[in-house]
Every structure is written in C-alpha cells, then in structure tokens.
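Undergrad: What follows is query_2.pdb; its format and atoms are PDB, C-alpha atoms, pLDDT in the B column.
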ATOM      1  CA  GLY A  29      -0.761  -4.383 -16.771  1.00 83.00           C
ATOM      2  CA  GLU A  30       1.785  -2.439 -14.806  1.00 88.00           C
ATOM      3  CA  ASN A  31       4.918  -4.158 -13.475  1.00 93.00           C
ATOM      4  CA  VAL A  32       7.274  -2.489 -10.995  1.00 96.00           C
ATOM      5  CA  GLU A  33      10.786  -3.748 -10.307  1.00 97.00           C
ATOM      6  CA  GLN A  34      12.707  -2.552  -7.254  1.00 98.00           C
ATOM      7  CA  HIS A  35      16.399  -2.793  -6.380  1.00 98.00           C
ATOM      8  CA  PRO A  36      18.224  -3.617  -4.237  1.00 98.00           C
ATOM      9  CA  SER A  37      16.257  -6.120  -2.179  1.00 97.00           C
ATOM     10  CA  THR A  38      18.412  -5.373   0.881  1.00 98.00           C
ATOM     11  CA  LEU A  39      20.597  -2.402   1.674  1.00 98.00           C
ATOM     12  CA  SER A  40      22.886  -1.899   4.665  1.00 98.00           C
ATOM     13  CA  VAL A  41      24.417   1.504   5.315  1.00 98.00           C
ATOM     14  CA  GLN A  42      26.323   3.131   8.127  1.00 98.00           C
ATOM     15  CA  GLU A  43      24.512   5.776  10.123  1.00 98.00           C
ATOM     16  CA  GLY A  44      25.000   9.158   8.468  1.00 98.00           C
ATOM     17  CA  ASP A  45      25.530   7.713   4.990  1.00 98.00           C
ATOM     18  CA  SER A  46      23.068   8.067   2.119  1.00 98.00           C
ATOM     19  CA  ALA A  47      20.779   5.335   0.799  1.00 98.00           C
ATOM     20  CA  VAL A  48      19.379   5.061  -2.715  1.00 98.00           C
ATOM     21  CA  ILE A  49      16.608   2.701  -3.830  1.00 98.00           C
ATOM     22  CA  LYS A  50      15.654   2.409  -7.493  1.00 98.00           C
ATOM     23  CA  CYS A  51      12.468   1.324  -9.246  1.00 98.00           C
ATOM     24  CA  THR A  52      11.470   0.849 -12.858  1.00 98.00           C
ATOM     25  CA  TYR A  53       7.938   0.620 -14.210  1.00 97.00           C
ATOM     26  CA  SER A  54       6.559  -0.794 -17.423  1.00 96.00           C
ATOM     27  CA  ASP A  55       3.393   1.178 -18.227  1.00 92.00           C
ATOM     28  CA  SER A  56       4.252   4.540 -19.733  1.00 91.00           C
ATOM     29  CA  ALA A  57       0.736   5.725 -18.852  1.00 89.00           C
ATOM     30  CA  SER A  58       1.442   5.505 -15.093  1.00 91.00           C
ATOM     31  CA  ASN A  59       1.594   8.976 -13.620  1.00 89.00           C
ATOM     32  CA  TYR A  60       1.695   8.612  -9.845  1.00 89.00           C
ATOM     33  CA  PHE A  61       4.648   7.173  -7.885  1.00 93.00           C
ATOM     34  CA  PRO A  62       4.453   6.940  -4.085  1.00 93.00           C
ATOM     35  CA  TRP A  63       6.997   5.509  -1.667  1.00 97.00           C
ATOM     36  CA  TYR A  64       5.883   3.684   1.476  1.00 96.00           C
ATOM     37  CA  LYS A  65       7.851   2.782   4.597  1.00 97.00           C
ATOM     38  CA  GLN A  66       6.771  -0.256   6.586  1.00 96.00           C
ATOM     39  CA  GLU A  67       8.331  -1.025   9.947  1.00 95.00           C
ATOM     40  CA  LEU A  68       8.118  -4.553  11.287  1.00 91.00           C
ATOM     41  CA  GLY A  69       4.547  -5.383  12.271  1.00 87.00           C
ATOM     42  CA  LYS A  70       3.288  -1.923  11.311  1.00 92.00           C
ATOM     43  CA  ARG A  71       1.185  -0.468   8.514  1.00 93.00           C
ATOM     44  CA  PRO A  72       2.718   0.953   5.319  1.00 94.00           C
ATOM     45  CA  GLN A  73       3.062   4.721   5.639  1.00 94.00           C
ATOM     46  CA  LEU A  74       3.477   7.162   2.794  1.00 93.00           C
ATOM     47  CA  ILE A  75       6.777   9.005   3.075  1.00 96.00           C
ATOM     48  CA  ILE A  76       6.865  10.865  -0.228  1.00 95.00           C
ATOM     49  CA  ASP A  77       5.232  10.753  -3.636  1.00 92.00           C
ATOM     50  CA  ILE A  78       5.797  12.258  -7.050  1.00 91.00           C
ATOM     51  CA  ARG A  79       3.576  12.838 -10.021  1.00 87.00           C
ATOM     52  CA  SER A  80       4.605  12.677 -13.652  1.00 84.00           C
ATOM     53  CA  ASN A  81       4.416  16.418 -14.150  1.00 82.00           C
ATOM     54  CA  VAL A  82       7.501  16.970 -11.946  1.00 84.00           C
ATOM     55  CA  GLY A  83      10.997  15.495 -12.059  1.00 91.00           C
ATOM     56  CA  GLU A  84      12.107  15.818  -8.448  1.00 95.00           C
ATOM     57  CA  LYS A  85      10.620  16.361  -5.021  1.00 94.00           C
ATOM     58  CA  LYS A  86      12.322  16.812  -1.677  1.00 96.00           C
ATOM     59  CA  ASP A  87      11.139  16.663   1.924  1.00 94.00           C
ATOM     60  CA  GLN A  88      13.911  17.226   4.483  1.00 96.00           C
ATOM     61  CA  ARG A  89      16.234  14.171   4.275  1.00 97.00           C
ATOM     62  CA  ILE A  90      14.121  12.382   1.673  1.00 98.00           C
ATOM     63  CA  ALA A  91      14.018  13.051  -2.054  1.00 98.00           C
ATOM     64  CA  VAL A  92      12.501  11.312  -5.030  1.00 97.00           C
ATOM     65  CA  THR A  93      13.491  11.682  -8.683  1.00 97.00           C
ATOM     66  CA  LEU A  94      11.528  10.593 -11.727  1.00 96.00           C
ATOM     67  CA  ASN A  95      12.781   9.945 -15.257  1.00 95.00           C
ATOM     68  CA  LYS A  96       9.710   9.439 -17.425  1.00 93.00           C
ATOM     69  CA  THR A  97      11.693   8.687 -20.564  1.00 94.00           C
ATOM     70  CA  ALA A  98      13.589   5.849 -18.921  1.00 95.00           C
ATOM     71  CA  LYS A  99      10.568   4.874 -16.793  1.00 96.00           C
ATOM     72  CA  HIS A 100      12.436   4.831 -13.548  1.00 96.00           C
ATOM     73  CA  PHE A 101      12.250   6.631 -10.229  1.00 97.00           C
ATOM     74  CA  SER A 102      14.471   6.630  -7.178  1.00 98.00           C
ATOM     75  CA  LEU A 103      14.314   7.325  -3.458  1.00 98.00           C
ATOM     76  CA  HIS A 104      17.224   9.096  -1.830  1.00 98.00           C
ATOM     77  CA  ILE A 105      17.650   9.247   1.943  1.00 98.00           C
ATOM     78  CA  THR A 106      20.494  11.388   3.247  1.00 98.00           C
ATOM     79  CA  GLU A 107      22.075  11.373   6.716  1.00 98.00           C
ATOM     80  CA  THR A 108      20.472   8.040   7.532  1.00 98.00           C
ATOM     81  CA  GLN A 109      19.488   7.273  11.113  1.00 97.00           C
ATOM     82  CA  PRO A 110      18.771   3.933  12.851  1.00 97.00           C
ATOM     83  CA  GLU A 111      15.048   4.779  12.842  1.00 96.00           C
ATOM     84  CA  ASP A 112      15.146   4.778   9.040  1.00 98.00           C
ATOM     85  CA  SER A 113      15.565   0.991   9.213  1.00 98.00           C
ATOM     86  CA  ALA A 114      12.449  -0.541   7.649  1.00 98.00           C
ATOM     87  CA  VAL A 115      11.113  -2.036   4.432  1.00 97.00           C
ATOM     88  CA  TYR A 116      10.581   0.531   1.688  1.00 98.00           C
ATOM     89  CA  PHE A 117       8.131  -0.064  -1.151  1.00 97.00           C
ATOM     90  CA  CYS A 118       7.857   1.923  -4.346  1.00 97.00           C
ATOM     91  CA  ALA A 119       4.615   1.869  -6.308  1.00 95.00           C
ATOM     92  CA  ALA A 120       3.137   3.113  -9.543  1.00 93.00           C
ATOM     93  CA  SER A 121      -0.373   3.754 -10.790  1.00 88.00           C
ATOM     94  CA  LEU A 122      -2.611   5.752 -12.961  1.00 77.00           C
ATOM     95  CA  GLU A 123      -4.324   8.329 -10.787  1.00 64.00           C
ATOM     96  CA  TYR A 124      -7.532   7.330 -12.532  1.00 60.00           C
ATOM     97  CA  GLY A 125      -8.680   4.173 -10.723  1.00 58.00           C
ATOM     98  CA  ASN A 126      -5.882   4.380  -8.138  1.00 75.00           C
ATOM     99  CA  LYS A 127      -4.721   0.822  -8.774  1.00 83.00           C
ATOM    100  CA  LEU A 128      -1.338   0.877  -7.081  1.00 89.00           C
ATOM    101  CA  VAL A 129       1.191  -1.782  -8.106  1.00 92.00           C
ATOM    102  CA  PHE A 130       3.995  -2.183  -5.589  1.00 95.00           C
ATOM    103  CA  GLY A 131       7.606  -3.111  -6.062  1.00 97.00           C
ATOM    104  CA  ALA A 132       8.956  -6.122  -4.146  1.00 97.00           C
ATOM    105  CA  GLY A 133      10.404  -3.971  -1.387  1.00 97.00           C
ATOM    106  CA  THR A 134      13.853  -3.055  -0.053  1.00 98.00           C
ATOM    107  CA  ILE A 135      14.954  -3.927   3.468  1.00 98.00           C
ATOM    108  CA  LEU A 136      17.047  -0.986   4.670  1.00 98.00           C
ATOM    109  CA  ARG A 137      19.300  -1.499   7.671  1.00 98.00           C
ATOM    110  CA  VAL A 138      21.070   1.492   9.157  1.00 98.00           C
ATOM    111  CA  LYS A 139      23.949   0.448  11.393  1.00 96.00           C
ATOM    112  CA  SER A 140      24.956   2.704  14.258  1.00 92.00           C
TER     113      SER A 140
ATOM    114  CA  ASP B  18      -9.765  11.549  13.147  1.00 68.00           C
ATOM    115  CA  THR B  19      -7.046  10.742  10.596  1.00 72.00           C
ATOM    116  CA  GLU B  20      -6.924   6.987  11.002  1.00 91.00           C
ATOM    117  CA  VAL B  21      -8.183   3.827   9.391  1.00 96.00           C
ATOM    118  CA  THR B  22      -9.229   1.360  12.093  1.00 97.00           C
ATOM    119  CA  GLN B  23      -9.273  -2.385  11.502  1.00 98.00           C
ATOM    120  CA  THR B  24     -10.708  -5.144  13.678  1.00 97.00           C
ATOM    121  CA  PRO B  25      -9.808  -7.708  14.757  1.00 97.00           C
ATOM    122  CA  LYS B  26      -6.028  -7.292  14.916  1.00 96.00           C
ATOM    123  CA  HIS B  27      -5.573 -11.067  14.916  1.00 97.00           C
ATOM    124  CA  LEU B  28      -7.900 -13.818  13.736  1.00 96.00           C
ATOM    125  CA  VAL B  29      -7.432 -17.583  13.737  1.00 96.00           C
ATOM    126  CA  MET B  30     -10.022 -19.612  11.894  1.00 94.00           C
ATOM    127  CA  GLY B  31     -10.604 -23.095  10.582  1.00 91.00           C
ATOM    128  CA  MET B  32     -11.285 -23.850   6.955  1.00 90.00           C
ATOM    129  CA  THR B  33     -15.007 -24.334   7.606  1.00 89.00           C
ATOM    130  CA  ASN B  34     -15.509 -21.159   9.625  1.00 90.00           C
ATOM    131  CA  LYS B  35     -17.201 -17.942   8.538  1.00 95.00           C
ATOM    132  CA  LYS B  36     -15.683 -14.744   9.861  1.00 96.00           C
ATOM    133  CA  SER B  37     -15.484 -11.080   8.908  1.00 97.00           C
ATOM    134  CA  LEU B  38     -12.826  -8.394   8.938  1.00 98.00           C
ATOM    135  CA  LYS B  39     -13.961  -4.839   9.564  1.00 98.00           C
ATOM    136  CA  CYS B  40     -12.543  -1.486   8.545  1.00 98.00           C
ATOM    137  CA  GLU B  41     -13.692   1.993   9.510  1.00 98.00           C
ATOM    138  CA  GLN B  42     -12.642   5.539   8.643  1.00 96.00           C
ATOM    139  CA  HIS B  43     -14.134   8.902   9.505  1.00 92.00           C
ATOM    140  CA  MET B  44     -12.064  11.102   7.214  1.00 92.00           C
ATOM    141  CA  GLY B  45     -14.839  11.518   4.656  1.00 91.00           C
ATOM    142  CA  HIS B  46     -12.925   9.379   2.175  1.00 92.00           C
ATOM    143  CA  ARG B  47     -15.081   7.949  -0.613  1.00 91.00           C
ATOM    144  CA  ALA B  48     -12.699   5.245  -1.832  1.00 92.00           C
ATOM    145  CA  MET B  49     -11.805   2.195   0.260  1.00 94.00           C
ATOM    146  CA  TYR B  50      -9.529  -0.730  -0.503  1.00 95.00           C
ATOM    147  CA  TRP B  51      -8.611  -4.217   0.627  1.00 97.00           C
ATOM    148  CA  TYR B  52      -5.023  -5.389   0.201  1.00 96.00           C
ATOM    149  CA  LYS B  53      -3.469  -8.737   1.058  1.00 97.00           C
ATOM    150  CA  GLN B  54       0.138  -8.893   2.249  1.00 97.00           C
ATOM    151  CA  LYS B  55       2.085 -12.122   2.690  1.00 96.00           C
ATOM    152  CA  ALA B  56       5.237 -12.125   4.803  1.00 92.00           C
ATOM    153  CA  LYS B  57       8.176 -10.303   3.190  1.00 90.00           C
ATOM    154  CA  LYS B  58       6.043  -9.418   0.157  1.00 94.00           C
ATOM    155  CA  PRO B  59       4.419  -6.188  -1.025  1.00 95.00           C
ATOM    156  CA  PRO B  60       0.707  -5.482  -0.573  1.00 95.00           C
ATOM    157  CA  GLU B  61      -1.475  -6.852  -3.375  1.00 94.00           C
ATOM    158  CA  LEU B  62      -4.722  -5.140  -4.295  1.00 93.00           C
ATOM    159  CA  MET B  63      -7.879  -7.206  -3.833  1.00 96.00           C
ATOM    160  CA  PHE B  64     -10.836  -4.818  -4.084  1.00 95.00           C
ATOM    161  CA  VAL B  65     -11.602  -1.131  -4.576  1.00 92.00           C
ATOM    162  CA  TYR B  66     -14.848   0.520  -3.535  1.00 94.00           C
ATOM    163  CA  SER B  67     -15.712   3.948  -4.872  1.00 90.00           C
ATOM    164  CA  TYR B  68     -18.749   5.740  -3.448  1.00 92.00           C
ATOM    165  CA  GLU B  69     -19.848   2.457  -1.855  1.00 93.00           C
ATOM    166  CA  LYS B  70     -19.798   0.621  -5.170  1.00 93.00           C
ATOM    167  CA  LEU B  71     -17.318  -2.089  -6.102  1.00 93.00           C
ATOM    168  CA  SER B  72     -15.124  -0.636  -8.833  1.00 88.00           C
ATOM    169  CA  ILE B  73     -12.198  -3.088  -8.958  1.00 85.00           C
ATOM    170  CA  ASN B  74     -12.092  -6.804  -8.166  1.00 88.00           C
ATOM    171  CA  GLU B  75      -8.653  -8.225  -8.883  1.00 87.00           C
ATOM    172  CA  SER B  76      -9.956 -11.710  -9.710  1.00 89.00           C
ATOM    173  CA  VAL B  77     -10.169 -12.592  -6.039  1.00 94.00           C
ATOM    174  CA  PRO B  78     -11.655 -16.039  -5.201  1.00 95.00           C
ATOM    175  CA  SER B  79     -15.296 -15.963  -4.137  1.00 95.00           C
ATOM    176  CA  ARG B  80     -14.410 -17.224  -0.657  1.00 96.00           C
ATOM    177  CA  PHE B  81     -13.549 -13.542  -0.049  1.00 97.00           C
ATOM    178  CA  SER B  82     -16.668 -11.370  -0.181  1.00 97.00           C
ATOM    179  CA  PRO B  83     -16.363  -7.606   0.292  1.00 97.00           C
ATOM    180  CA  GLU B  84     -19.147  -5.369   1.503  1.00 97.00           C
ATOM    181  CA  CYS B  85     -19.387  -1.612   1.867  1.00 96.00           C
ATOM    182  CA  PRO B  86     -22.468  -0.839   4.021  1.00 95.00           C
ATOM    183  CA  ASN B  87     -21.817   2.903   4.030  1.00 94.00           C
ATOM    184  CA  SER B  88     -19.143   5.449   3.203  1.00 91.00           C
ATOM    185  CA  SER B  89     -17.275   4.857   6.490  1.00 95.00           C
ATOM    186  CA  LEU B  90     -17.309   1.068   6.704  1.00 97.00           C
ATOM    187  CA  LEU B  91     -15.764  -1.720   4.696  1.00 98.00           C
ATOM    188  CA  ASN B  92     -16.087  -5.411   5.539  1.00 98.00           C
ATOM    189  CA  LEU B  93     -14.412  -8.507   4.181  1.00 98.00           C
ATOM    190  CA  HIS B  94     -16.418 -11.677   4.719  1.00 98.00           C
ATOM    191  CA  LEU B  95     -14.402 -14.883   4.832  1.00 97.00           C
ATOM    192  CA  HIS B  96     -15.746 -18.380   4.204  1.00 95.00           C
ATOM    193  CA  ALA B  97     -14.121 -21.717   3.428  1.00 94.00           C
ATOM    194  CA  LEU B  98     -10.630 -20.257   3.407  1.00 94.00           C
ATOM    195  CA  GLN B  99      -7.479 -22.219   2.724  1.00 95.00           C
ATOM    196  CA  PRO B 100      -4.247 -22.214   4.769  1.00 96.00           C
ATOM    197  CA  GLU B 101      -2.540 -20.297   1.942  1.00 96.00           C
ATOM    198  CA  ASP B 102      -4.964 -17.424   2.603  1.00 97.00           C
ATOM    199  CA  SER B 103      -3.116 -16.742   5.846  1.00 97.00           C
ATOM    200  CA  ALA B 104      -1.750 -13.219   5.546  1.00 97.00           C
ATOM    201  CA  LEU B 105      -1.997  -9.658   6.774  1.00 97.00           C
ATOM    202  CA  TYR B 106      -5.128  -8.025   5.356  1.00 98.00           C
ATOM    203  CA  LEU B 107      -4.781  -4.283   5.016  1.00 97.00           C
ATOM    204  CA  CYS B 108      -7.602  -1.841   4.578  1.00 97.00           C
ATOM    205  CA  ALA B 109      -6.895   1.582   3.078  1.00 95.00           C
ATOM    206  CA  SER B 110      -8.850   4.652   2.119  1.00 94.00           C
ATOM    207  CA  SER B 111      -8.383   7.737  -0.034  1.00 90.00           C
ATOM    208  CA  GLN B 112     -10.443  10.834  -0.700  1.00 86.00           C
ATOM    209  CA  ARG B 113     -11.301   9.617  -4.164  1.00 77.00           C
ATOM    210  CA  ASP B 114     -10.131   6.903  -6.543  1.00 67.00           C
ATOM    211  CA  ARG B 115     -10.404   8.932  -9.746  1.00 66.00           C
ATOM    212  CA  VAL B 116      -8.723  12.268  -9.576  1.00 61.00           C
ATOM    213  CA  ARG B 117      -6.959  14.988 -11.484  1.00 60.00           C
ATOM    214  CA  LEU B 118      -3.204  14.804 -11.579  1.00 59.00           C
ATOM    215  CA  GLY B 119      -1.766  16.700  -8.667  1.00 63.00           C
ATOM    216  CA  SER B 120      -4.931  16.993  -6.592  1.00 64.00           C
ATOM    217  CA  GLY B 121      -3.593  14.611  -3.957  1.00 68.00           C
ATOM    218  CA  ALA B 122      -7.000  13.091  -3.422  1.00 65.00           C
ATOM    219  CA  ASN B 123      -5.771   9.604  -4.274  1.00 78.00           C
ATOM    220  CA  VAL B 124      -3.223   9.315  -1.441  1.00 85.00           C
ATOM    221  CA  LEU B 125      -3.797   6.074   0.466  1.00 89.00           C
ATOM    222  CA  THR B 126      -4.018   5.863   4.247  1.00 92.00           C
ATOM    223  CA  PHE B 127      -3.559   2.295   5.481  1.00 95.00           C
ATOM    224  CA  GLY B 128      -4.995   0.657   8.555  1.00 96.00           C
ATOM    225  CA  ALA B 129      -2.810  -1.400  10.883  1.00 95.00           C
ATOM    226  CA  GLY B 130      -4.076  -4.624   9.364  1.00 96.00           C
ATOM    227  CA  SER B 131      -5.759  -7.822  10.482  1.00 97.00           C
ATOM    228  CA  ARG B 132      -3.410 -10.785  10.732  1.00 97.00           C
ATOM    229  CA  LEU B 133      -5.313 -13.878   9.618  1.00 97.00           C
ATOM    230  CA  THR B 134      -4.240 -17.449  10.271  1.00 97.00           C
ATOM    231  CA  VAL B 135      -6.189 -20.259   8.626  1.00 96.00           C
ATOM    232  CA  LEU B 136      -5.696 -23.669  10.198  1.00 94.00           C
TER     233      LEU B 136
END
How does this structure look as structure tokens?

TA:
Amino acid sequence: GENVEQHPSTLSVQEGDSAVIKCTYSDSASNYFPWYKQELGKRPQLIIDIRSNVGEKKDQRIAVTLNKTAKHFSLHITETQPEDSAVYFCAASLEYGNKLVFGAGTILRVKS
Amino acid sequence: DTEVTQTPKHLVMGMTNKKSLKCEQHMGHRAMYWYKQKAKKPPELMFVYSYEKLSINESVPSRFSPECPNSSLLNLHLHALQPEDSALYLCASSQRDRVRLGSGANVLTFGAGSRLTVL
C-alpha cells in the first residue's frame, strides 16, 4: 500500500520568512496530493491540493509542487504569519476509492 | 450548508458501555468516511461509505460498527472498547469517492470530531 513520509517534523520560522515542508510517496499510481492544516483542537482543513497532471499550483501565499518522477511533493508558504502556526499534513491517494494516506505531520511555529 | 456536523463533541465511556457517534452532512455528498486520530498523529482511515454502502473497511476491530442509514447520516456504534481506543474520531464527506482526475469531487470536508475517552 501507499506510504507517505513527511519532513521536517517541526519547523520554526520568523514571521515574514518562508516555510517549506516536503513529502515523499511510495505508490507511483497515486495521483492526488492534498495538504491539510490542523490547528490545535480543530478539524483538518484543506489548504491546497494538486493532481498528477500538473506540476505546480499556487494560491496567494501558498504553493505546492509535484515531481512525479522522484515521487515527492512540497508545500511552500511565503511571508509567514503567526496565524500560519499549526500542524500541516500532506496526503496521497488514488482518486479512485479516495483512500487518503497521510504523512506524520509537521508542526509549524511562526515567531513574531 | 457547507459543514459536516458531529455529535457528541466529547464522550467518556466505560469498557462495557455501548454508545454511538453521529455524523451529518447536507451537502449532497455521496461518500462518507470515519477517521481515527490519536494525539500528535495523522488521521487514519477506518471506513468509507459510498452511496450508503460500505466500500472500504481498513481491518477495523468489530467493536467498531459503522452504519449509514441514509445519504446524509453516518453513525459509528461503539461496544466493548479498550482504553487504547481513546482518540479523536473524525467524520468526513466528499461528493464522490470514485472520480475522474481533476473533477474535484473527491475533496474531503472534515467534521470537528468527537473526542472519545475510554476508561
């Protein structure tokens, strides 16, 4: 089955700096890669996703890149703000069946 | 309505109790999911329902029994649980579970979760 590894496990940045979180997946058939943000005591919320037919997607300060050959994808947050502090999970799945496998998560702390 | 609603928010039960977790959505989604999340860990898939039929069971112990009475409701019946079953139980829904690439119909919307403590 699919296995997703996520790094780093914790990341501290200064407000205004960029943050990058990286994930690798094992199943070359996976074709859907969402990123979720989970604040303490809250539900996971989708912040951006990418499908295997594109290499990059951007939404304001957030971008995701996908390298299918290397089987890795990354989340980039620019101009970080204290409210970006949360746990971020990457995930991978086949769209058929929608069986998402999550990475272990990255605790992002943005210091003001 | 763009939300997935879960009740109760908190539940404490003994190992001999029978209780149920409930999940409701009115977005017309035809796929619903149960995930289990332990502290500081990612969500783990338990069950997937597609068009009210169980399509995925991730080898979950029988003390967890899912039920999908209709397209808007999803229950998780709990019986004879163990302390290690204490966790946050998340319900989610999506338009469909089997979709064409790029259609977006598989995007998950999570509920706020039910925090279960087994004594």

Undergrad: Give as a list in words the residues that the PyMOL selection byres ((chain B and resi 58-74) around 6) matches when applied to the coordinates above.

TA: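 Evaluating the PyMOL selection byres ((chain B and resi 58-74) around 6) on this file yields Ala132 of chain A; Arg47, Ala48, Met49, Tyr50, Trp51, Tyr52, Lys53, Gln54, Lys55, Ala56, Lys57, Glu75, Ser76, Cys85 and Ser88 of chain B.
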
Undergrad: Calculate how many Å separate atom CA of Ser140 of chain A from atom CA of Ile105 of chain A, rounding to one decimal.

TA: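 Atom CA of Ile105 of chain A lies at a distance of 15.7 Å from atom CA of Ser140 of chain A.
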
Undergrad: Residue by residue, what does the PyMOL selection byres ((chain A and resi 48-61) around 8) grab here? Present the result as a ChimeraX atom specification.

TA: /A:29-36,46-47,62-63,77-81,96,99-105,118-123,131,134 /B:118

Undergrad: Report as a CSV table (one decimal) with C-alpha atoms, in the coordinates of the input the full result of the PyMOL selection byres ((chain B and resi 41) around 10) when it is applied to this structure.

TA:
chain,number,residue,atom,x,y,z
B,20,GLU,CA,-6.9,7.0,11.0
B,21,VAL,CA,-8.2,3.8,9.4
B,22,THR,CA,-9.2,1.4,12.1
B,23,GLN,CA,-9.3,-2.4,11.5
B,24,THR,CA,-10.7,-5.1,13.7
B,39,LYS,CA,-14.0,-4.8,9.6
B,40,CYS,CA,-12.5,-1.5,8.5
B,42,GLN,CA,-12.6,5.5,8.6
B,43,HIS,CA,-14.1,8.9,9.5
B,44,MET,CA,-12.1,11.1,7.2
B,49,MET,CA,-11.8,2.2,0.3
B,87,ASN,CA,-21.8,2.9,4.0
B,88,SER,CA,-19.1,5.4,3.2
B,89,SER,CA,-17.3,4.9,6.5
B,90,LEU,CA,-17.3,1.1,6.7
B,91,LEU,CA,-15.8,-1.7,4.7
B,92,ASN,CA,-16.1,-5.4,5.5
B,108,CYS,CA,-7.6,-1.8,4.6
B,109,ALA,CA,-6.9,1.6,3.1
B,110,SER,CA,-8.8,4.7,2.1
B,128,GLY,CA,-5.0,0.7,8.6

Undergrad: Could you tell me how far atom CA of Leu38 of chain B sits from atom CA of Phe117 of chain A, in Å to one decimal place?

TA: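 Between atom CA of Phe117 of chain A and atom CA of Leu38 of chain B the gap works out to 24.7 Å.
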
Undergrad: Distance atom CA of Ile135 of chain A-atom CA of Arg132 of chain B, one decimal place?

TA: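 Going from atom CA of Ile135 of chain A over to atom CA of Arg132 of chain B, I get 20.9 Å.
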
Undergrad: Closest to Leu107 of chain B among B:Pro78, B:Pro83, B:Gly45, B:Gly130, using all atoms listed in the file?

TA: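 Using all atoms listed in the file, Leu107 of chain B sits closest to B:Gly130.
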
Undergrad: Tell me which protein, DNA and RNA residues are within 10 Å of segment 26-30 of chain B, counting all atoms listed in the file, leaving out same-chain ones fewer than 2 positions away, and put them as a list of chain:residue names.

TA: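 What passes the distance filter is B:Thr22, B:Gln23, B:Thr24, B:Met32, B:Thr33, B:Asn34, B:Lys35, B:Lys36, B:Ser37, B:Leu38, B:Lys39, B:Leu95, B:His96, B:Ala97, B:Leu98, B:Gln99, B:Pro100, B:Ser103, B:Leu105, B:Tyr106, B:Ala129, B:Gly130, B:Ser131, B:Arg132, B:Leu133, B:Thr134, B:Val135, B:Leu136.
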
Undergrad: For the residues in the current selection, export C-alpha atoms as a JSON list (two decimals), keeping the file's coordinate frame.

TA:
[["chain", "number", "residue", "atom", "x", "y", "z"],
["B", 22, "THR", "CA", -9.23, 1.36, 12.09],
["B", 23, "GLN", "CA", -9.27, -2.38, 11.50],
["B", 24, "THR", "CA", -10.71, -5.14, 13.68],
["B", 32, "MET", "CA", -11.28, -23.85, 6.96],
["B", 33, "THR", "CA", -15.01, -24.33, 7.61],
["B", 34, "ASN", "CA", -15.51, -21.16, 9.62],
["B", 35, "LYS", "CA", -17.20, -17.94, 8.54],
["B", 36, "LYS", "CA", -15.68, -14.74, 9.86],
["B", 37, "SER", "CA", -15.48, -11.08, 8.91],
["B", 38, "LEU", "CA", -12.83, -8.39, 8.94],
["B", 39, "LYS", "CA", -13.96, -4.84, 9.56],
["B", 95, "LEU", "CA", -14.40, -14.88, 4.83],
["B", 96, "HIS", "CA", -15.75, -18.38, 4.20],
["B", 97, "ALA", "CA", -14.12, -21.72, 3.43],
["B", 98, "LEU", "CA", -10.63, -20.26, 3.41],
["B", 99, "GLN", "CA", -7.48, -22.22, 2.72],
["B", 100, "PRO", "CA", -4.25, -22.21, 4.77],
["B", 103, "SER", "CA", -3.12, -16.74, 5.85],
["B", 105, "LEU", "CA", -2.00, -9.66, 6.77],
["B", 106, "TYR", "CA", -5.13, -8.02, 5.36],
["B", 129, "ALA", "CA", -2.81, -1.40, 10.88],
["B", 130, "GLY", "CA", -4.08, -4.62, 9.36],
["B", 131, "SER", "CA", -5.76, -7.82, 10.48],
["B", 132, "ARG", "CA", -3.41, -10.78, 10.73],
["B", 133, "LEU", "CA", -5.31, -13.88, 9.62],
["B", 134, "THR", "CA", -4.24, -17.45, 10.27],
["B", 135, "VAL", "CA", -6.19, -20.26, 8.63],
["B", 136, "LEU", "CA", -5.70, -23.67, 10.20]]

Undergrad: From (25.2, -1.5, 6.9), in the file's coordinates, out to 10 Å: which residues are reached, counting all atoms listed in the file? Answer as number ranges by chain.

TA: A: 38-43, 45, 136-140

Undergrad: Nearest residue to chain A out of B:Ser111, B:Val77, B:Ser82, B:Leu93, using only C-alpha atoms?

TA: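 So, comparing all the options, the nearest one is B:Ser111.
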
Undergrad: From the list A:Ala114, A:Ala98, A:Ile75, A:Val129, which residue is nearest chain B when using all atoms listed in the file?

TA: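 For chain B, the nearest of the candidates is A:Val129.
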
Undergrad: Using all atoms listed in the file, which of A:Gly83, A:Gly44, A:Pro110, A:Pro72 sits nearest chain B?

TA: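 For chain B, the nearest of the candidates is A:Pro72.
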
Undergrad: Out of B:Gln112, B:His94, B:Asn123, B:Asp102, which residue has the shortest atom-to-atom distance to chain A when counting all atoms listed in the file?

TA: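 Going through B:Gln112, B:His94, B:Asn123, B:Asp102 one by one, the smallest distance to chain A is for B:Asn123.
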
Undergrad: Counting only C-alpha atoms, which residue out of B:Pro86, B:His46, B:Arg113, B:Thr19 sits closest to chain A?

TA: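 Result for the nearest residue to chain A: B:Arg113.
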